[in-house]
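Below is one structure; the comments refer to it alone.
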Amino acid sequence: MSAKPKYINREITWLKFNARVLQEARDKSVPLLERLRFLGIYSNNLDEFYKVRYATVLRALQLDHAAYSNIIEEQSLKSLLNDIQDVVEMQQKSYDDTYEQILKEMEQENIYFLDDTEVEENFAEFLDNFYQNKLSHTIAIYLWEPNIEKIPELRDEANYLVVKLGNRRDEKPKSEKFINKVKKWFSAEVKTSPTSSKENTYAIIEIPTHLFSRFVVLPKKDGKDYIIMLEDVIRYKLKEIFEIFEFETIEAHSFKASKDAELDLDQDVQRSFMDRISRSVEGRRRGEPVRLVYDKDIAEDTLDYLKKILHIDRYDSLSPGGKYHNKRDFIGFPNLGKKHLEYEKIKPLVPPALRNVKSYIREIEKRDHLIYAPYADFSILLKFLRQAAIDPKVESIKITAYRVASESQIMSALVNAAKNGKKVTAVLELRARFDEANNVNWSKILQDEGVQVIFGVADLKVHSKIGLVTYRENEEKKRIAFISTGNFHEKTARIYTDYTLLTSHKEISEEVSEVFDFFESNYKVKKYKHLILSPHEMRYKIEEKINREIENKKKGFPAQINIKVNSLSDKKMIDKLYKANKVGVEVRLVVRGICCLIPGIKGLSENIKAISVVDKFLEHPRLYWFKNGGEDEVYISSADWMPRNIDHRVEVGCPILDPQLKKEVMNTFELSFTDNIKGRIHNNTLDEIYQENELPPNRSQVSIYNYYKNLYQ
């Protein structure tokens with residue numbers, strides 16, 4: 001009899017996380033439009049999963065098995081792909097049922113979806129005007145004959161319809177005049193050849209969701225709101241679009257193809273790193289498809305044609321679905337003026353000491369401050385940087401940037417500082433997946449404005465979230481550091497929970513300065529007393545702290561390990577927690593997403609409990625709290641407990657030294673860990689079970705906001 005497994009496969013546990021997102025869409029206590037948006041989040045997550053995680057497994061199966069290391073026990077790559085498909089198919093059924101239920105409930109709120117077959121006469125004029133004046137000249141159409149195999153590269157983020165024109169009656173080759181007419185009308189790439197009258201013509205239409213909302217709001221009627229999907233407007237006008245053709249039948253079905261998102265960096269050393277990244281992002285458009293999702297009602301010959309031109313092979317995922325795909329667009333579904341169907345927006349709070357501040361530098365010199373967004377106002381950091389940009393005492397500003405907004409106020413503040421003569425340094429990570437193009441664009445803007453831009457570290461992604469303001473007062477050089485668990489991104493700060501520490505602590509700010517020295521000169525690797533850094537120190541320092549808890553437990557001293565991260569997949573770290581469990585150390589984990597550790601197994605992990613919180617805001621902070629014999633040590637960090645974060649990225653963890661702030665972090669952890677409304681128990685099954693305890697009802701995100709409201713009174 002084989003031993004019980006010690007780990008859950010990373011990909012399967014990620015799918016379990018997405019199941020929790022789907023639970024939010026099913027939860028009738030969640031406002032109706034938010035449930036629809038959770039369906040969008042689920043779809044967006046799954047798209048990214050196939051483009052990144054599934055593609056990685058597929059690449060390993062086809063090219064190099066050693067490229068994938070998260071196999072457990074005797075599981076093969078092929079069986080893992082099958083397991084993934086089984087889980088996704090099971091979730092897809094739940095997704096479809098949930099979607100249909102939400103549509104019914106929306107009708108009870110007088111919100112109706114119409115498709116192209118249900119357009120009433122009083123909407124026809126509106127749609128005619130919308131099509132003629134806005135839509136008709138934005139549609140891209142690609143036409144091919146059946147013997148043409150090569151097609152233009154399809155955009156990964158786009159929506160498409162595949163159109164079949166059946167049994168054409170014309171047998172004559174298309175004239176050059178005719179082809180030019182089609183090009184002029186449709187901006188279409190046309191390739192033709194003589195064919196018999198019984199052959200079909202296929203076309204692909206790109207739905208211009210990059211120009212229009214996917215959801216076309218029709219005029220109200222009898223107090224009811226009506227929505228039609230953009231692709232249904234095209235279906236409604238399909239015969240008109242192709243009226244220059246002679247056909248007996250015409251049909252259109254939606255599809256989407258998810259492509260391998262891995263960047264293929266060319267090794268041309270004469271090209272700049274930024275240029276190589278730019279070329280690689282462009283090359284991503286030509287990535288191999290790994291998943292084809294299509295309307296299950298599509299004709300078999302049309303599907304075969306799609307598979308042929310997209311080069312879908314037996315290892316790629318084929319997912320028959322409903323009429324509509326790319327449901328990630330539901331994230332942006334309009335509220336139609338029905339605020340009662342959305343979450344009530346919270347007003348971010350400002351700590352009393354940071355209200356109506358004349359000088360942020362003066363206030364931070366007095367004591368450390370902690371911003372826990374979105375409960376606390378992230379704009380505090382923006383105002384601090386804006387003030388630093390014009391303060392005559394400030395000499396330099398340094399910051400790391402992994403993901404920033406396309407219209408970033410943080411980046412704008414850096415430009416402002418550079419224009420005022422400050423020395424500004426931005427460490428920009430060009431390899432931040434799916435943000436490469438945005439970061440390349442910002443790097444050009446910053447360089448043009450005189451900012452020193454450092455493009456990360458060779459072979460290491462810079463994922464740390466740190467900044468440093470240096471100023472001079474009475475000839476003395478002083479520093480203020482800011483260290484965060486999340487990106488310096490004002491838009492995500494409204495929907496992600498993250499800690500940001502502002503400190504003038506001399507040793508911590510000096511160590512942050514030394515990290516920036518490392519970015520400028522990678523050979524300057526130092527040891528740190530306060531910070532914990534990957535890849536040089538983080539693993540052994542955390543292991544030392546776990547070992548200390550083990551020894552404290554053996555000696556009868558207070559011992560406990562509390563960890564909050566997005567993902568836990570590092571097997572060495574998991575084994576250390578299992579070792580702590582063996583001597584009776586209590587281990588409490590709040591892991592939002594991937595959790596390869598299996599808690600609650602006798603003889604392995606009976607003293608370990610792990611939960612996940614999925615709610616209104618995306619849980620994003622990383623914190624490590626060690627009981628340390630009663631003298632609690634608390635760190636905030638940018639690093640999840642995954643091999644990539646600990647061994648292959650530059651990450652920074654920082655201690656919280658201020659007693660009041662340390663208490664805040666510990667208290668908010670307790671609220672998360674005891675969540676019995678939105679907390680789910682991690683286990684080794686596919687069942688997502690809500691946590692139950694004897695405590696009063698605690699929805700942690702609401703409780704934390706109320707905690708800060710009381711604290712800041």
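In the structure tokens, chains take letters A, B, ... by order of appearance, with residues numbered from 1 within each chain and ligands from 1 in the order shown.
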Which neighbours of range 700-705 of chain A fall inside 6 Å, counting only C-alpha atoms, when residues of the same chain fewer than 2 positions from it are skipped, and could you give them as a list in words?
-> Tyr375, Leu671, Ser672, Asp675, Asn698, Tyr707 and Tyr708 of chain A
Enumerate the residues of range 199-421 of chain A with a DSSP assignment of strand (DSSP E), computed from the backbone, and present them as number ranges by chain.
-> A: 201-207, 215-221, 224-229, 249-259, 289-295, 317-321, 369-373, 394-401
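In terms of minimum interatomic distance to Arg328 in chain A, A:Arg37 ranks closest within A:Lys602, A:Arg37, A:His536, A:His210, counting only C-alpha atoms.
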Just the residues within 12 Å of range 513-530 of chain A, please, counting only C-alpha atoms, with nothing from its chain fewer than 5 positions along; format it as an NGL selection string.
-> :A and (396-400 or 424-429 or 452-462 or 464-470 or 478-483 or 505-508 or 535-538 or 541 or 633-636 or 650-657)
Enumerate as a ChimeraX atom specification all residues of range 582-710 of chain A assigned to helix (DSSP H, G or I) by DSSP on the backbone, naming them with the chain letters and numbers the document uses.
-> /A:582,628-630,643-647,659-673,700-710
Quick one: everything within 10 Å of Glu670 in chain A, counting only C-alpha atoms, minus sequence neighbours fewer than 3 positions away in the same chain. Send it as a tab-separated table (two decimals) with N, CA and C atoms, in the first residue's frame.
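Done, and the output landed in part24.tsv:
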chain	number	residue	atom	x	y	z
A	562	ASN	N	2.80	31.80	12.09
A	562	ASN	CA	1.63	32.35	11.39
A	562	ASN	C	2.10	32.94	10.07
A	588	ARG	N	-0.41	28.23	11.67
A	588	ARG	CA	-1.66	28.80	11.16
A	588	ARG	C	-1.35	29.52	9.85
A	590	VAL	N	-2.85	31.45	6.28
A	590	VAL	CA	-3.89	32.06	5.44
A	590	VAL	C	-3.29	32.15	4.05
A	664	GLU	N	-1.17	45.90	15.14
A	664	GLU	CA	-2.14	46.01	14.04
A	664	GLU	C	-2.05	44.81	13.11
A	665	VAL	N	-0.83	44.48	12.70
A	665	VAL	CA	-0.64	43.37	11.76
A	665	VAL	C	-1.10	42.06	12.38
A	666	MET	N	-0.76	41.83	13.64
A	666	MET	CA	-1.17	40.59	14.31
A	666	MET	C	-2.69	40.53	14.45
A	667	ASN	N	-3.30	41.65	14.80
A	667	ASN	CA	-4.76	41.68	14.96
A	667	ASN	C	-5.48	41.43	13.64
A	673	PHE	N	-7.69	34.92	9.87
A	673	PHE	CA	-7.61	33.48	10.16
A	673	PHE	C	-8.90	32.94	10.77
A	674	THR	N	-9.65	33.79	11.45
A	674	THR	CA	-10.89	33.33	12.10
A	674	THR	C	-12.13	33.66	11.28
A	675	ASP	N	-11.95	34.06	10.02
A	675	ASP	CA	-13.08	34.39	9.15
A	675	ASP	C	-13.99	33.16	9.00
A	700	SER	N	-14.01	38.81	7.54
A	700	SER	CA	-12.78	39.49	7.93
A	700	SER	C	-12.59	40.84	7.24
A	704	ILE	N	-12.02	43.99	9.44
A	704	ILE	CA	-10.77	44.76	9.41
A	704	ILE	C	-11.05	46.24	9.16
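If only C-alpha atoms are the atoms counted, then among A:Ser408, A:Ser258, A:Ser637, A:Asn356 the closest residue to Lys491 in chain A is A:Ser408.
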Of A:Val217, A:Leu336, A:Val163, A:Ile207, the one nearest to Ala252 in chain A when counting only C-alpha atoms is A:Val163
Check which residues of range 332-378 of chain A sit at most 12 Å from range 617-620 of chain A using only C-alpha atoms, and return one row each with the closest pair of atoms and their distance in Å to one decimal, ordered by chain and rising number, as a Markdown table.
| residue | atom | partner | partner_atom | distance |
| --- | --- | --- | --- | --- |
| A:Tyr343 | CA | A:Phe617 | CA | 10.6 |
| A:Lys345 | CA | A:Phe617 | CA | 11.1 |
| A:Ile346 | CA | A:Phe617 | CA | 11.1 |
| A:Tyr372 | CA | A:His620 | CA | 10.8 |
| A:Ala373 | CA | A:Phe617 | CA | 10.0 |
| A:Pro374 | CA | A:Phe617 | CA | 8.4 |
| A:Tyr375 | CA | A:Phe617 | CA | 10.2 |
Write out as CSV the residues of range 425-540 of chain A that have any atom within 9 Å of an atom of range 622-627 of chain A, one row each with the nearest atom pair and its distance in Å to one decimal, counting only C-alpha atoms, sorted by chain and then rising number.
residue,atom,partner,partner_atom,distance
A:Thr485,CA,A:Arg622,CA,6.0
A:Gly486,CA,A:Arg622,CA,8.6
A:Asp498,CA,A:Arg622,CA,8.1
A:Tyr499,CA,A:Arg622,CA,8.4
What's the 10 Å shell around Ala19 in chain A, counting only C-alpha atoms, without same-chain residues fewer than 3 positions away, as a PDB file with N, CA, C and O atoms, in the first residue's frame?
ATOM      1  N   THR A  13      -4.223  22.559  -7.179  1.00  0.00           N
ATOM      2  CA  THR A  13      -4.598  23.455  -6.079  1.00  0.00           C
ATOM      3  C   THR A  13      -4.897  24.865  -6.595  1.00  0.00           C
ATOM      4  O   THR A  13      -5.712  25.591  -6.012  1.00  0.00           O
ATOM      5  N   TRP A  14      -4.273  25.260  -7.718  1.00  0.00           N
ATOM      6  CA  TRP A  14      -4.648  26.548  -8.323  1.00  0.00           C
ATOM      7  C   TRP A  14      -6.093  26.492  -8.815  1.00  0.00           C
ATOM      8  O   TRP A  14      -6.863  27.448  -8.640  1.00  0.00           O
ATOM      9  N   LEU A  15      -6.471  25.385  -9.425  1.00  0.00           N
ATOM     10  CA  LEU A  15      -7.856  25.247  -9.894  1.00  0.00           C
ATOM     11  C   LEU A  15      -8.827  25.253  -8.718  1.00  0.00           C
ATOM     12  O   LEU A  15      -9.973  25.713  -8.849  1.00  0.00           O
ATOM     13  N   LYS A  16      -8.383  24.740  -7.568  1.00  0.00           N
ATOM     14  CA  LYS A  16      -9.215  24.808  -6.365  1.00  0.00           C
ATOM     15  C   LYS A  16      -9.446  26.263  -5.958  1.00  0.00           C
ATOM     16  O   LYS A  16     -10.540  26.629  -5.523  1.00  0.00           O
ATOM     17  N   LEU A  22     -15.457  30.959  -8.127  1.00  0.00           N
ATOM     18  CA  LEU A  22     -16.754  30.557  -8.674  1.00  0.00           C
ATOM     19  C   LEU A  22     -17.804  30.462  -7.567  1.00  0.00           C
ATOM     20  O   LEU A  22     -18.991  30.757  -7.796  1.00  0.00           O
ATOM     21  N   GLN A  23     -17.369  30.070  -6.372  1.00  0.00           N
ATOM     22  CA  GLN A  23     -18.300  30.038  -5.241  1.00  0.00           C
ATOM     23  C   GLN A  23     -18.895  31.419  -4.973  1.00  0.00           C
ATOM     24  O   GLN A  23     -20.077  31.533  -4.624  1.00  0.00           O
ATOM     25  N   GLU A  24     -18.067  32.452  -5.120  1.00  0.00           N
ATOM     26  CA  GLU A  24     -18.566  33.808  -4.893  1.00  0.00           C
ATOM     27  C   GLU A  24     -19.650  34.163  -5.902  1.00  0.00           C
ATOM     28  O   GLU A  24     -20.598  34.884  -5.582  1.00  0.00           O
ATOM     29  N   ALA A  25     -19.524  33.662  -7.121  1.00  0.00           N
ATOM     30  CA  ALA A  25     -20.558  33.911  -8.133  1.00  0.00           C
ATOM     31  C   ALA A  25     -21.848  33.171  -7.790  1.00  0.00           C
ATOM     32  O   ALA A  25     -22.939  33.613  -8.160  1.00  0.00           O
ATOM     33  N   TYR A  42     -13.348  34.655 -12.732  1.00  0.00           N
ATOM     34  CA  TYR A  42     -13.058  33.227 -12.931  1.00  0.00           C
ATOM     35  C   TYR A  42     -12.558  32.976 -14.350  1.00  0.00           C
ATOM     36  O   TYR A  42     -11.549  32.281 -14.554  1.00  0.00           O
ATOM     37  N   VAL A  87     -11.053  18.489 -14.049  1.00  0.00           N
ATOM     38  CA  VAL A  87     -11.458  19.509 -13.082  1.00  0.00           C
ATOM     39  C   VAL A  87     -12.108  20.688 -13.799  1.00  0.00           C
ATOM     40  O   VAL A  87     -13.151  21.198 -13.372  1.00  0.00           O
ATOM     41  N   VAL A  88     -11.515  21.130 -14.912  1.00  0.00           N
ATOM     42  CA  VAL A  88     -12.057  22.275 -15.644  1.00  0.00           C
ATOM     43  C   VAL A  88     -13.444  21.953 -16.195  1.00  0.00           C
ATOM     44  O   VAL A  88     -14.358  22.790 -16.141  1.00  0.00           O
ATOM     45  N   GLN A  91     -15.890  22.161 -13.366  1.00  0.00           N
ATOM     46  CA  GLN A  91     -16.142  23.557 -13.014  1.00  0.00           C
ATOM     47  C   GLN A  91     -16.952  24.268 -14.098  1.00  0.00           C
ATOM     48  O   GLN A  91     -17.769  25.139 -13.798  1.00  0.00           O
ATOM     49  N   SER A  94     -20.599  23.808 -13.566  1.00  0.00           N
ATOM     50  CA  SER A  94     -21.055  24.675 -12.483  1.00  0.00           C
ATOM     51  C   SER A  94     -21.125  26.122 -12.953  1.00  0.00           C
ATOM     52  O   SER A  94     -22.063  26.859 -12.615  1.00  0.00           O
ATOM     53  N   TYR A  95     -20.140  26.521 -13.742  1.00  0.00           N
ATOM     54  CA  TYR A  95     -20.097  27.888 -14.276  1.00  0.00           C
ATOM     55  C   TYR A  95     -21.338  28.155 -15.134  1.00  0.00           C
ATOM     56  O   TYR A  95     -22.011  29.179 -14.971  1.00  0.00           O
ATOM     57  N   LEU A 686     -11.412  18.226  -3.721  1.00  0.00           N
ATOM     58  CA  LEU A 686     -11.869  19.317  -4.577  1.00  0.00           C
ATOM     59  C   LEU A 686     -13.073  20.044  -3.980  1.00  0.00           C
ATOM     60  O   LEU A 686     -13.658  20.908  -4.607  1.00  0.00           O
ATOM     61  N   ASP A 687     -13.438  19.665  -2.753  1.00  0.00           N
ATOM     62  CA  ASP A 687     -14.554  20.333  -2.086  1.00  0.00           C
ATOM     63  C   ASP A 687     -14.055  21.596  -1.401  1.00  0.00           C
ATOM     64  O   ASP A 687     -13.072  21.554  -0.655  1.00  0.00           O
ATOM     65  N   GLU A 688     -14.718  22.708  -1.650  1.00  0.00           N
ATOM     66  CA  GLU A 688     -14.364  23.965  -1.000  1.00  0.00           C
ATOM     67  C   GLU A 688     -15.337  24.190   0.156  1.00  0.00           C
ATOM     68  O   GLU A 688     -16.488  24.555  -0.047  1.00  0.00           O
TER      69      GLU A 688
END
Enter the distance from CA of Ser69 in chain A to CA of Ser638 in chain A, in Å, rounded to one decimal.
-> 23.4 Å
Which one is closest to His325 in chain A: A:Val415, A:Leu39, A:Ile561, A:Ala299? Count only C-alpha atoms.
-> A:Leu39
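Relative to CA of Pro320 in chain A, CA of Asn9 in chain A is found at 25.7 Å.
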Skip Lys358 in chain A itself and residues of its chain fewer than 3 positions away, then list as a ChimeraX atom specification all residues within 12 Å of it, counting only C-alpha atoms.
-> /A:353-355,361-364,383-384,387,391
